[in-house]
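File shown here: query.txt, holding compact mmCIF, C-alpha atoms.
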```txt
# COMPACT_ATOMS: atom_id res chain seq x y z
CA MET U 1 31.80 69.17 19.41
CA LYS U 2 28.45 67.64 18.56
CA LYS U 3 26.54 66.34 21.54
CA LYS U 4 26.47 62.58 21.72
CA GLN U 5 23.14 61.07 20.70
CA ARG U 6 21.20 59.87 23.76
CA GLY U 7 20.64 56.13 24.03
CA GLN U 8 17.28 54.59 23.31
CA LEU U 9 15.03 52.79 25.75
CA ILE U 10 13.96 49.51 24.15
CA VAL U 11 11.23 47.39 25.72
CA LEU U 12 10.95 43.75 24.76
CA SER U 13 7.91 41.66 25.61
CA GLY U 14 6.71 38.26 24.57
CA PRO U 15 5.04 35.19 26.00
CA SER U 16 6.85 32.92 28.43
CA GLY U 17 8.68 30.25 26.40
CA VAL U 18 9.10 32.32 23.22
CA GLY U 19 12.88 32.40 23.71
CA LYS U 20 13.39 36.06 24.63
CA SER U 21 16.51 35.37 26.72
CA THR U 22 18.18 33.48 23.87
CA VAL U 23 17.36 36.17 21.32
CA ILE U 24 18.61 38.87 23.70
CA ALA U 25 21.87 36.99 24.29
CA GLU U 26 22.36 36.74 20.52
CA LEU U 27 21.62 40.47 20.07
CA LEU U 28 24.09 41.40 22.82
CA SER U 29 26.76 39.32 21.04
CA LEU U 30 26.20 41.41 17.88
CA ARG U 31 26.54 44.82 19.51
CA ASP U 32 28.60 46.10 22.43
CA ASP U 33 26.69 49.37 22.85
CA ILE U 34 23.57 47.85 24.38
CA HIS U 35 22.96 47.50 28.09
CA PHE U 36 20.56 44.79 29.19
CA SER U 37 18.74 46.03 32.24
CA VAL U 38 18.27 43.14 34.65
CA SER U 39 14.82 43.19 36.23
CA PHE U 40 14.21 42.67 39.91
CA THR U 41 11.89 39.82 40.79
CA THR U 42 10.58 37.96 43.81
CA ARG U 43 10.20 34.66 41.94
CA THR U 44 12.41 31.63 42.55
CA PRO U 45 15.35 31.21 40.13
CA ARG U 46 14.93 28.45 37.53
CA THR U 47 17.73 25.92 36.99
CA GLY U 48 20.63 27.70 35.33
CA GLU U 49 19.46 31.20 36.22
CA ALA U 50 21.94 33.38 38.09
CA ASP U 51 21.34 36.38 40.33
CA GLY U 52 22.26 39.62 38.56
CA VAL U 53 22.36 37.91 35.16
CA ASN U 54 18.83 36.78 34.35
CA TYR U 55 17.20 38.71 37.18
CA SER U 56 18.13 40.29 40.46
CA PHE U 57 16.34 37.93 42.80
CA VAL U 58 15.04 39.65 45.93
CA THR U 59 12.61 38.94 48.73
CA ARG U 60 9.06 40.23 48.77
CA GLU U 61 9.97 42.57 51.66
CA HIS U 62 12.89 44.03 49.72
CA PHE U 63 10.76 44.56 46.62
CA GLU U 64 8.00 46.28 48.57
CA GLY U 65 10.65 48.59 50.02
CA MET U 66 11.66 49.61 46.48
CA ILE U 67 8.02 50.32 45.64
CA ALA U 68 7.67 52.47 48.76
CA GLY U 69 10.95 54.29 47.94
CA ASN U 70 9.74 55.14 44.41
CA GLU U 71 12.85 53.49 42.94
CA LEU U 72 11.09 51.65 40.11
CA LEU U 73 10.36 52.74 36.55
CA GLU U 74 7.64 50.13 36.50
CA TYR U 75 6.62 47.03 38.37
CA ALA U 76 3.90 44.45 38.09
CA GLU U 77 2.67 41.34 39.81
CA TYR U 78 2.57 38.34 37.50
CA VAL U 79 1.73 34.71 38.40
CA ASN U 80 1.97 35.74 42.09
CA ASN U 81 5.41 37.32 41.83
CA TYR U 82 6.67 40.87 41.52
CA TYR U 83 8.76 41.99 38.55
CA GLY U 84 10.19 45.52 38.30
CA THR U 85 12.76 47.83 36.73
CA SER U 86 15.15 50.14 38.57
CA LEU U 87 15.30 53.68 37.22
CA LYS U 88 18.80 54.81 38.23
CA VAL U 89 21.05 52.61 36.08
CA ILE U 90 18.82 53.11 33.04
CA ASN U 91 19.11 56.88 33.07
CA GLU U 92 22.89 56.76 33.54
CA LYS U 93 23.31 54.47 30.52
CA LEU U 94 20.96 56.48 28.29
CA ASP U 95 22.88 59.65 29.13
CA GLU U 96 26.10 57.91 28.08
CA GLY U 97 24.52 57.23 24.66
CA ILE U 98 24.04 53.53 25.35
CA ASP U 99 20.82 51.77 24.36
CA VAL U 100 19.04 50.11 27.27
CA LEU U 101 17.07 46.93 26.72
CA LEU U 102 14.28 45.92 29.09
CA ASP U 103 12.62 42.49 29.11
CA ILE U 104 9.22 43.11 30.69
CA GLU U 105 5.67 41.82 30.39
CA VAL U 106 2.81 43.73 28.82
CA LYS U 107 1.56 45.65 31.86
CA GLY U 108 5.08 46.86 32.70
CA ALA U 109 5.66 47.80 29.07
CA ALA U 110 2.51 49.91 29.04
CA ALA U 111 3.66 51.63 32.25
CA VAL U 112 7.06 52.41 30.69
CA LYS U 113 5.44 53.82 27.53
CA THR U 114 3.29 56.12 29.69
CA LYS U 115 6.31 57.39 31.67
CA CYS U 116 8.72 57.45 28.67
CA PRO U 117 6.75 58.01 25.43
CA GLU U 118 10.01 57.85 23.44
CA ALA U 119 10.53 54.20 24.47
CA VAL U 120 10.48 51.72 21.60
CA LEU U 121 8.24 48.71 22.22
CA ILE U 122 8.95 45.38 20.54
CA PHE U 123 6.84 42.24 20.92
CA ILE U 124 8.30 38.80 20.15
CA ILE U 125 6.00 35.97 19.13
CA PRO U 126 6.64 32.33 18.28
CA PRO U 127 5.77 31.08 14.77
CA SER U 128 2.58 29.57 16.28
CA PHE U 129 0.87 28.73 19.58
CA GLU U 130 1.54 25.07 18.82
CA GLU U 131 5.25 25.81 18.66
CA LEU U 132 5.05 27.85 21.89
CA SER U 133 3.42 24.91 23.65
CA ARG U 134 6.18 22.62 22.38
CA ARG U 135 8.90 25.01 23.63
CA LEU U 136 7.31 25.27 27.07
CA LYS U 137 7.12 21.46 27.34
CA ASN U 138 10.74 21.08 26.22
CA ARG U 139 11.84 23.45 28.96
CA ASN U 140 10.89 20.73 31.49
CA SER U 141 10.62 23.27 34.27
CA ASP U 142 6.85 23.51 34.55
CA GLU U 143 4.00 21.15 35.32
CA ASP U 144 1.23 20.69 32.75
CA ASP U 145 -1.20 22.97 34.57
CA VAL U 146 1.41 25.74 34.74
CA ILE U 147 2.04 25.35 30.99
CA ALA U 148 -1.70 25.56 30.31
CA SER U 149 -1.82 28.72 32.41
CA ARG U 150 1.15 30.21 30.53
CA LEU U 151 -0.53 29.52 27.18
CA GLN U 152 -3.72 31.18 28.39
CA THR U 153 -1.68 34.19 29.59
CA ALA U 154 0.05 34.32 26.20
CA ARG U 155 -3.31 34.58 24.45
CA GLU U 156 -4.25 37.47 26.72
CA GLU U 157 -0.90 39.18 26.09
CA TYR U 158 -1.42 38.91 22.33
CA ARG U 159 -4.31 41.38 22.66
CA GLU U 160 -1.77 44.06 23.63
CA ILE U 161 0.37 43.62 20.50
CA PRO U 162 -1.26 46.55 18.64
CA HIS U 163 0.26 48.86 21.30
CA TYR U 164 3.76 47.72 20.33
CA ASP U 165 5.81 49.52 17.68
CA TYR U 166 7.37 46.38 16.26
CA LEU U 167 6.54 42.69 15.98
CA VAL U 168 9.31 40.12 15.59
CA VAL U 169 8.74 36.39 15.02
CA ASN U 170 11.26 34.17 16.78
CA ASP U 171 11.41 31.32 14.29
CA LYS U 172 15.21 31.24 13.98
CA VAL U 173 17.08 32.99 16.83
CA SER U 174 19.74 34.50 14.54
CA ALA U 175 17.15 36.02 12.20
CA ALA U 176 15.12 37.44 15.10
CA ALA U 177 18.28 38.97 16.63
CA LEU U 178 19.18 40.57 13.29
CA GLU U 179 15.71 42.10 13.08
CA LEU U 180 16.11 43.51 16.58
CA GLU U 181 19.50 44.93 15.63
CA ALA U 182 18.00 46.55 12.51
CA ILE U 183 15.24 48.10 14.64
CA LEU U 184 17.81 49.60 17.02
CA THR U 185 19.86 50.96 14.11
CA ALA U 186 16.80 52.38 12.38
CA GLU U 187 15.45 54.00 15.53
CA ALA U 188 18.80 55.77 16.00
CA CYS U 189 18.33 57.15 12.45
CA ARG U 190 14.94 58.73 13.26
CA THR U 191 15.01 62.40 12.34
CA LYS U 192 13.81 63.42 15.81
CA ASN U 193 16.89 61.72 17.30
CA ARG U 194 19.31 63.40 14.89
CA LEU U 195 18.22 67.02 14.70
CA ASN U 196 21.60 67.97 16.20
CA LEU U 197 23.31 66.75 13.01
CA ILE U 198 21.60 69.35 10.81
CA GLU U 199 23.71 72.42 10.10
CA GLY U 200 22.21 75.89 10.07
CA VAL U 201 18.68 74.90 11.02
CA MET T 202 -1.53 30.37 3.43
CA LYS T 203 -0.54 33.67 4.96
CA LYS T 204 -0.87 36.63 2.66
CA LYS T 205 2.48 37.99 1.55
CA GLN T 206 3.44 41.24 3.26
CA ARG T 207 2.98 44.19 0.90
CA GLY T 208 6.13 46.02 -0.13
CA GLN T 209 7.01 49.40 1.31
CA LEU T 210 7.23 52.67 -0.54
CA ILE T 211 10.53 54.31 0.41
CA VAL T 212 11.24 57.90 -0.59
CA LEU T 213 14.83 59.12 -0.59
CA SER T 214 15.70 62.81 -0.81
CA GLY T 215 18.88 64.76 -0.35
CA PRO T 216 20.75 67.68 -1.84
CA SER T 217 22.35 67.46 -5.25
CA GLY T 218 25.90 66.14 -4.80
CA VAL T 219 25.28 64.24 -1.57
CA GLY T 220 25.90 60.92 -3.35
CA LYS T 221 22.39 59.47 -3.38
CA SER T 222 22.97 57.43 -6.56
CA THR T 223 26.10 55.80 -5.11
CA VAL T 224 24.38 54.97 -1.82
CA ILE T 225 21.37 53.57 -3.69
CA ALA T 226 23.61 51.41 -5.89
CA GLU T 227 25.31 50.04 -2.75
CA LEU T 228 21.94 49.35 -1.10
CA LEU T 229 20.66 47.53 -4.20
CA SER T 230 23.80 45.36 -4.13
CA LEU T 231 22.93 44.32 -0.54
CA ARG T 232 19.33 43.31 -1.21
CA ASP T 233 17.60 41.79 -4.21
CA ASP T 234 14.05 42.51 -3.04
CA ILE T 235 14.15 46.25 -3.70
CA HIS T 236 13.00 47.89 -6.90
CA PHE T 237 14.49 51.26 -7.73
CA SER T 238 11.86 53.32 -9.50
CA VAL T 239 13.49 55.36 -12.23
CA SER T 240 12.07 58.88 -12.38
CA PHE T 241 11.06 60.60 -15.58
CA THR T 242 12.78 63.90 -16.30
CA THR T 243 13.08 66.50 -19.01
CA ARG T 244 16.62 67.46 -18.05
CA THR T 245 19.66 66.65 -20.22
CA PRO T 246 21.60 63.50 -19.22
CA ARG T 247 24.94 64.13 -17.50
CA THR T 248 28.05 62.34 -18.68
CA GLY T 249 27.73 58.67 -17.76
CA GLU T 250 23.99 58.76 -17.21
CA ALA T 251 21.92 56.28 -19.21
CA ASP T 252 18.27 56.42 -20.19
CA GLY T 253 16.18 54.00 -18.09
CA VAL T 254 18.98 53.59 -15.54
CA ASN T 255 19.47 56.95 -13.85
CA TYR T 256 16.33 58.51 -15.27
CA SER T 257 13.92 57.99 -18.12
CA PHE T 258 14.78 61.05 -20.20
CA VAL T 259 11.80 62.45 -22.07
CA THR T 260 10.85 65.64 -23.87
CA ARG T 261 8.84 68.41 -22.29
CA GLU T 262 5.89 67.55 -24.56
CA HIS T 263 5.96 63.90 -23.52
CA PHE T 264 6.11 64.84 -19.81
CA GLU T 265 3.20 67.25 -20.10
CA GLY T 266 1.21 64.47 -21.77
CA MET T 267 1.82 62.27 -18.69
CA ILE T 268 0.64 65.09 -16.42
CA ALA T 269 -2.52 65.49 -18.51
CA GLY T 270 -3.09 61.71 -18.49
CA ASN T 271 -2.86 61.57 -14.68
CA GLU T 272 -0.12 58.94 -14.94
CA LEU T 273 2.16 60.40 -12.26
CA LEU T 274 2.27 59.74 -8.52
CA GLU T 275 4.03 63.08 -8.16
CA TYR T 276 5.92 65.55 -10.29
CA ALA T 277 7.71 68.81 -9.75
CA GLU T 278 9.61 71.44 -11.66
CA TYR T 279 13.15 71.94 -10.36
CA VAL T 280 15.88 74.13 -11.86
CA ASN T 281 13.65 74.55 -14.97
CA ASN T 282 13.14 70.84 -15.54
CA TYR T 283 10.32 68.42 -14.78
CA TYR T 284 10.88 65.37 -12.57
CA GLY T 285 8.14 62.83 -11.92
CA THR T 286 7.22 59.31 -10.84
CA SER T 287 5.03 56.85 -12.73
CA LEU T 288 2.35 55.17 -10.65
CA LYS T 289 1.78 51.89 -12.52
CA VAL T 290 5.05 50.03 -12.00
CA ILE T 291 5.19 51.07 -8.34
CA ASN T 292 1.84 49.54 -7.47
CA GLU T 293 2.65 46.30 -9.28
CA LYS T 294 5.89 45.89 -7.34
CA LEU T 295 4.35 46.76 -3.97
CA ASP T 296 1.62 44.18 -4.57
CA GLU T 297 4.32 41.57 -5.26
CA GLY T 298 5.79 42.31 -1.80
CA ILE T 299 8.78 44.17 -3.24
CA ASP T 300 9.98 47.42 -1.64
CA VAL T 301 10.02 50.35 -4.06
CA LEU T 302 12.66 53.05 -3.70
CA LEU T 303 12.06 56.54 -5.08
CA ASP T 304 14.76 59.19 -5.40
CA ILE T 305 12.85 62.48 -5.42
CA GLU T 306 13.30 66.02 -4.22
CA VAL T 307 11.49 67.58 -1.28
CA LYS T 308 8.35 68.85 -3.02
CA GLY T 309 7.79 65.51 -4.72
CA ALA T 310 8.39 63.70 -1.45
CA ALA T 311 5.76 65.82 0.28
CA ALA T 312 3.31 65.06 -2.54
CA VAL T 313 3.95 61.31 -2.18
CA LYS T 314 3.45 61.46 1.60
CA THR T 315 0.11 63.19 1.07
CA LYS T 316 -1.08 60.58 -1.44
CA CYS T 317 0.51 57.60 0.37
CA PRO T 318 0.73 58.33 4.11
CA GLU T 319 2.33 54.91 4.69
CA ALA T 320 5.37 55.93 2.60
CA VAL T 321 8.65 56.03 4.53
CA LEU T 322 10.63 59.24 3.98
CA ILE T 323 14.41 59.27 4.35
CA PHE T 324 16.63 62.34 3.93
CA ILE T 325 20.34 61.97 3.19
CA ILE T 326 22.76 64.73 4.17
CA PRO T 327 26.50 65.14 3.73
CA PRO T 328 28.69 65.43 6.86
CA SER T 329 28.77 69.22 6.27
CA PHE T 330 27.95 71.92 3.70
CA GLU T 331 31.70 72.33 3.17
CA GLU T 332 31.93 68.69 2.17
CA LEU T 333 28.88 69.05 -0.10
CA SER T 334 30.53 71.98 -1.86
CA ARG T 335 33.68 69.90 -2.33
CA ARG T 336 31.71 66.98 -3.79
CA LEU T 337 29.86 69.26 -6.22
CA LYS T 338 33.16 70.77 -7.40
CA ASN T 339 34.76 67.32 -7.80
CA ARG T 340 31.88 66.26 -10.04
CA ASN T 341 33.23 68.69 -12.67
CA SER T 342 29.86 68.83 -14.41
CA ASP T 343 28.68 72.24 -13.21
CA GLU T 344 29.88 75.83 -13.51
CA ASP T 345 30.57 77.80 -10.32
CA ASP T 346 27.29 79.71 -10.46
CA VAL T 347 25.32 76.44 -10.84
CA ILE T 348 27.17 75.03 -7.83
CA ALA T 349 26.34 78.15 -5.80
CA SER T 350 22.71 77.77 -6.81
CA ARG T 351 22.73 74.07 -5.82
CA LEU T 352 24.17 74.92 -2.39
CA GLN T 353 21.50 77.57 -1.87
CA THR T 354 18.81 75.05 -2.89
CA ALA T 355 20.34 72.54 -0.44
CA ARG T 356 19.94 75.03 2.40
CA GLU T 357 16.29 75.49 1.49
CA GLU T 358 15.75 71.72 1.28
CA TYR T 359 17.22 71.29 4.76
CA ARG T 360 14.22 73.16 6.17
CA GLU T 361 12.03 70.22 5.09
CA ILE T 362 14.06 67.63 7.00
CA PRO T 363 11.71 67.61 10.03
CA HIS T 364 9.01 66.16 7.73
CA TYR T 365 11.18 63.13 7.03
CA ASP T 366 10.97 59.98 9.13
CA TYR T 367 14.68 59.24 9.01
CA LEU T 368 17.93 61.14 8.57
CA VAL T 369 21.03 59.41 7.24
CA VAL T 370 24.46 61.02 6.98
CA ASN T 371 26.44 59.95 3.90
CA ASP T 372 29.93 60.11 5.33
CA LYS T 373 30.98 56.63 4.21
CA VAL T 374 28.81 55.08 1.47
CA SER T 375 28.89 51.57 2.95
CA ALA T 376 27.75 52.81 6.38
CA ALA T 377 24.97 54.92 4.88
CA ALA T 378 23.76 51.96 2.79
CA LEU T 379 23.73 49.71 5.88
CA GLU T 380 21.61 52.28 7.73
CA LEU T 381 19.17 52.37 4.82
CA GLU T 382 19.01 48.59 4.83
CA ALA T 383 18.32 48.58 8.58
CA ILE T 384 15.53 51.11 8.08
CA LEU T 385 13.90 48.91 5.42
CA THR T 386 14.20 45.83 7.64
CA ALA T 387 12.84 47.67 10.68
CA GLU T 388 9.92 49.16 8.76
CA ALA T 389 8.93 45.67 7.60
CA CYS T 390 8.84 44.69 11.32
CA ARG T 391 6.36 47.43 12.22
CA THR T 392 3.38 45.91 14.00
CA LYS T 393 0.93 47.57 11.60
CA ASN T 394 2.63 45.75 8.71
CA ARG T 395 2.55 42.36 10.44
CA LEU T 396 -0.90 42.10 11.97
CA ASN T 397 -1.54 39.13 9.66
CA LEU T 398 1.10 37.13 11.57
CA ILE T 399 -0.83 37.22 14.84
CA GLU T 400 -2.89 34.10 15.52
CA GLY T 401 -6.35 34.26 17.02
CA VAL T 402 -6.63 38.04 17.19
```
Will you turn the file into structure tokens for me?
Amino acid sequence: MKKKQRGQLIVLSGPSGVGKSTVIAELLSLRDDIHFSVSFTTRTPRTGEADGVNYSFVTREHFEGMIAGNELLEYAEYVNNYYGTSLKVINEKLDEGIDVLLDIEVKGAAAVKTKCPEAVLIFIIPPSFEELSRRLKNRNSDEDDVIASRLQTAREEYREIPHYDYLVVNDKVSAAALELEAILTAEACRTKNRLNLIEGV
Amino acid sequence: MKKKQRGQLIVLSGPSGVGKSTVIAELLSLRDDIHFSVSFTTRTPRTGEADGVNYSFVTREHFEGMIAGNELLEYAEYVNNYYGTSLKVINEKLDEGIDVLLDIEVKGAAAVKTKCPEAVLIFIIPPSFEELSRRLKNRNSDEDDVIASRLQTAREEYREIPHYDYLVVNDKVSAAALELEAILTAEACRTKNRLNLIEGV
């Protein structure tokens, strides 16, 4: 029997407010062979966010224990909070042939790419900074100075885009999700991932 | 106004009998922004093949005139016949933002990749050599010794697969066409093809 193709590690980044969570939810509704890896964070949950769904919310002490125990694929501090990715679940899913999706910011993404060069990096941008500003204001969860800080951070994150394999514009959620799905399908078709299908070579 | 994204040059190869023409026809029915570049050849049309549709059928003298006039992106001799690709139409379409699909054998594909490193190379294989043999026999257009020769050529072509970006198995035509479509969509999302969408960088 042919060996099952290993899953792909997909890293998704994009500025706060771009709508990553919504696009990811739409993508997960299109395909049942993708595992969304929930990040650990020390930040406070926003209204509507649930533990284990959007993030695994932990204390600073707990997080620093994971760092000390070498349990994280990557972690970073961002607007005074830790964000990080647990290694164990990811490897189990990849071995089962399931794609694993990570939602992490640019420093974490760079760390993943260093540790796992086969990871596929996708950056999501809004149609414009003006639109991003509008989305952040509509979210009603941040004060004006926090929004200004997020927009400044977004501009800094944009400088890292050339390190990403793919760039997707979240204008309409459904279209962005379809592009992500196409990227996952195409990456599975890469020759290097399918050498086991070639007879007699 | 943002500059329109340039089209992509897509090269499709695969052994004789794998069903490339059928898969291509299915792909073209899915998308109207793909131009299939008809190759020039000196070989005799098979039953059902039409000039300007499957190939542009020309004489040996005519073809050698095109070689001398430097009008070809690539050409190769294969089973005692010339096959080649005209450069002019391709560049016009790419400039219009239309993807151009070429159906060429492995030597031609390598020549295109050398001249146009940004070309995307896709190899199509059958589920097995046994199935390829069956498809060639069902075609009823070749004698047994020609079929044996085609199978031998297929085995030689397989050695070139590692030079291709993508590998698609034509088990079911519809599934293979969907994978090709995903590859085209994903390639258009590559960061290097979308740098013009990034503000302020």
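Atom CA of Val254 of chain T is found 26.6 Å from atom CA of Glu332 of chain T.
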Taking all atoms listed in the file into account, what are the residues of chain T at most 7 Å from chain U, put as a PDB file with C-alpha atoms, in the frame of the given file?
```pdb
ATOM      1  CA  ARG T 360      14.220  73.160   6.170  1.00  0.00           C
ATOM      2  CA  PRO T 363      11.710  67.610  10.030  1.00  0.00           C
ATOM      3  CA  TYR T 365      11.180  63.130   7.030  1.00  0.00           C
ATOM      4  CA  ASP T 366      10.970  59.980   9.130  1.00  0.00           C
ATOM      5  CA  TYR T 367      14.680  59.240   9.010  1.00  0.00           C
ATOM      6  CA  LEU T 368      17.930  61.140   8.570  1.00  0.00           C
ATOM      7  CA  VAL T 369      21.030  59.410   7.240  1.00  0.00           C
ATOM      8  CA  GLU T 380      21.610  52.280   7.730  1.00  0.00           C
ATOM      9  CA  ALA T 383      18.320  48.580   8.580  1.00  0.00           C
ATOM     10  CA  ILE T 384      15.530  51.110   8.080  1.00  0.00           C
ATOM     11  CA  THR T 386      14.200  45.830   7.640  1.00  0.00           C
ATOM     12  CA  ALA T 387      12.840  47.670  10.680  1.00  0.00           C
ATOM     13  CA  CYS T 390       8.840  44.690  11.320  1.00  0.00           C
ATOM     14  CA  ARG T 391       6.360  47.430  12.220  1.00  0.00           C
ATOM     15  CA  THR T 392       3.380  45.910  14.000  1.00  0.00           C
ATOM     16  CA  ARG T 395       2.550  42.360  10.440  1.00  0.00           C
ATOM     17  CA  VAL T 402      -6.630  38.040  17.190  1.00  0.00           C
TER      18      VAL T 402
END
```
As lines of an AutoDock Vina configuration file, what would the box around segment 345-350 of chain T look like: edges along x, y and z, 5 Å added on every side, centre and edge lengths in Å to one decimal?
```
center_x = 26.6
center_y = 77.4
center_z = -8.3
size_x = 17.9
size_y = 14.7
size_z = 15.0
```
Pick the closest to Thr44 of chain U from U:Tyr82, U:Glu64, U:Glu143, U:Asn70: which is it, counting all atoms listed in the file?
->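 Between U:Tyr82, U:Glu64, U:Glu143, U:Asn70, the residue approaching Thr44 of chain U most closely is U:Tyr82.
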Distance atom CA of Gly14 of chain U-atom CA of Gly97 of chain U, one decimal place?
-> 26.0 Å
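As for atom CA of Leu303 of chain T and atom CA of Tyr284 of chain T, they are spaced 11.6 Å apart.
With all atoms listed in the file as the atoms that count, the minimum distance from Leu274 of chain T to the choices T:Pro246, T:Gly309, T:Pro216, T:Gly253 is reached by T:Gly309.
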Can you tell me, as a PyMOL selection string, which residues sit within 9 Å of (4.9, 40.0, 42.4) in the file's frame, using all atoms listed in the file?
-> chain U and resi 41-43+60+63+75-84
Rank nothing, just name the residue among T:Leu295, T:Ala226, T:Ile211, T:Ile325 nearest to Ser375 of chain T, using all atoms listed in the file.
->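 Result for the nearest residue to Ser375 of chain T: T:Ala226.
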Could you check which of T:Phe241, T:Arg335, T:Ile299, T:Leu231 is closest to Lys205 of chain T, using all atoms listed in the file?
->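 Using all atoms listed in the file, the shortest distance to Lys205 of chain T belongs to T:Ile299.
Counting only C-alpha atoms, the residue from T:Ala311, T:Leu210, T:Leu229, T:Ala378 that sits nearest to Asp296 of chain T is T:Leu210.
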Residue list as a VMD selection string for point (17.0, 45.6, 33.6), cut-off 8 Å, all atoms listed in the file = chain U and resid 36 to 40 55 85 to 86 90 101 to 103
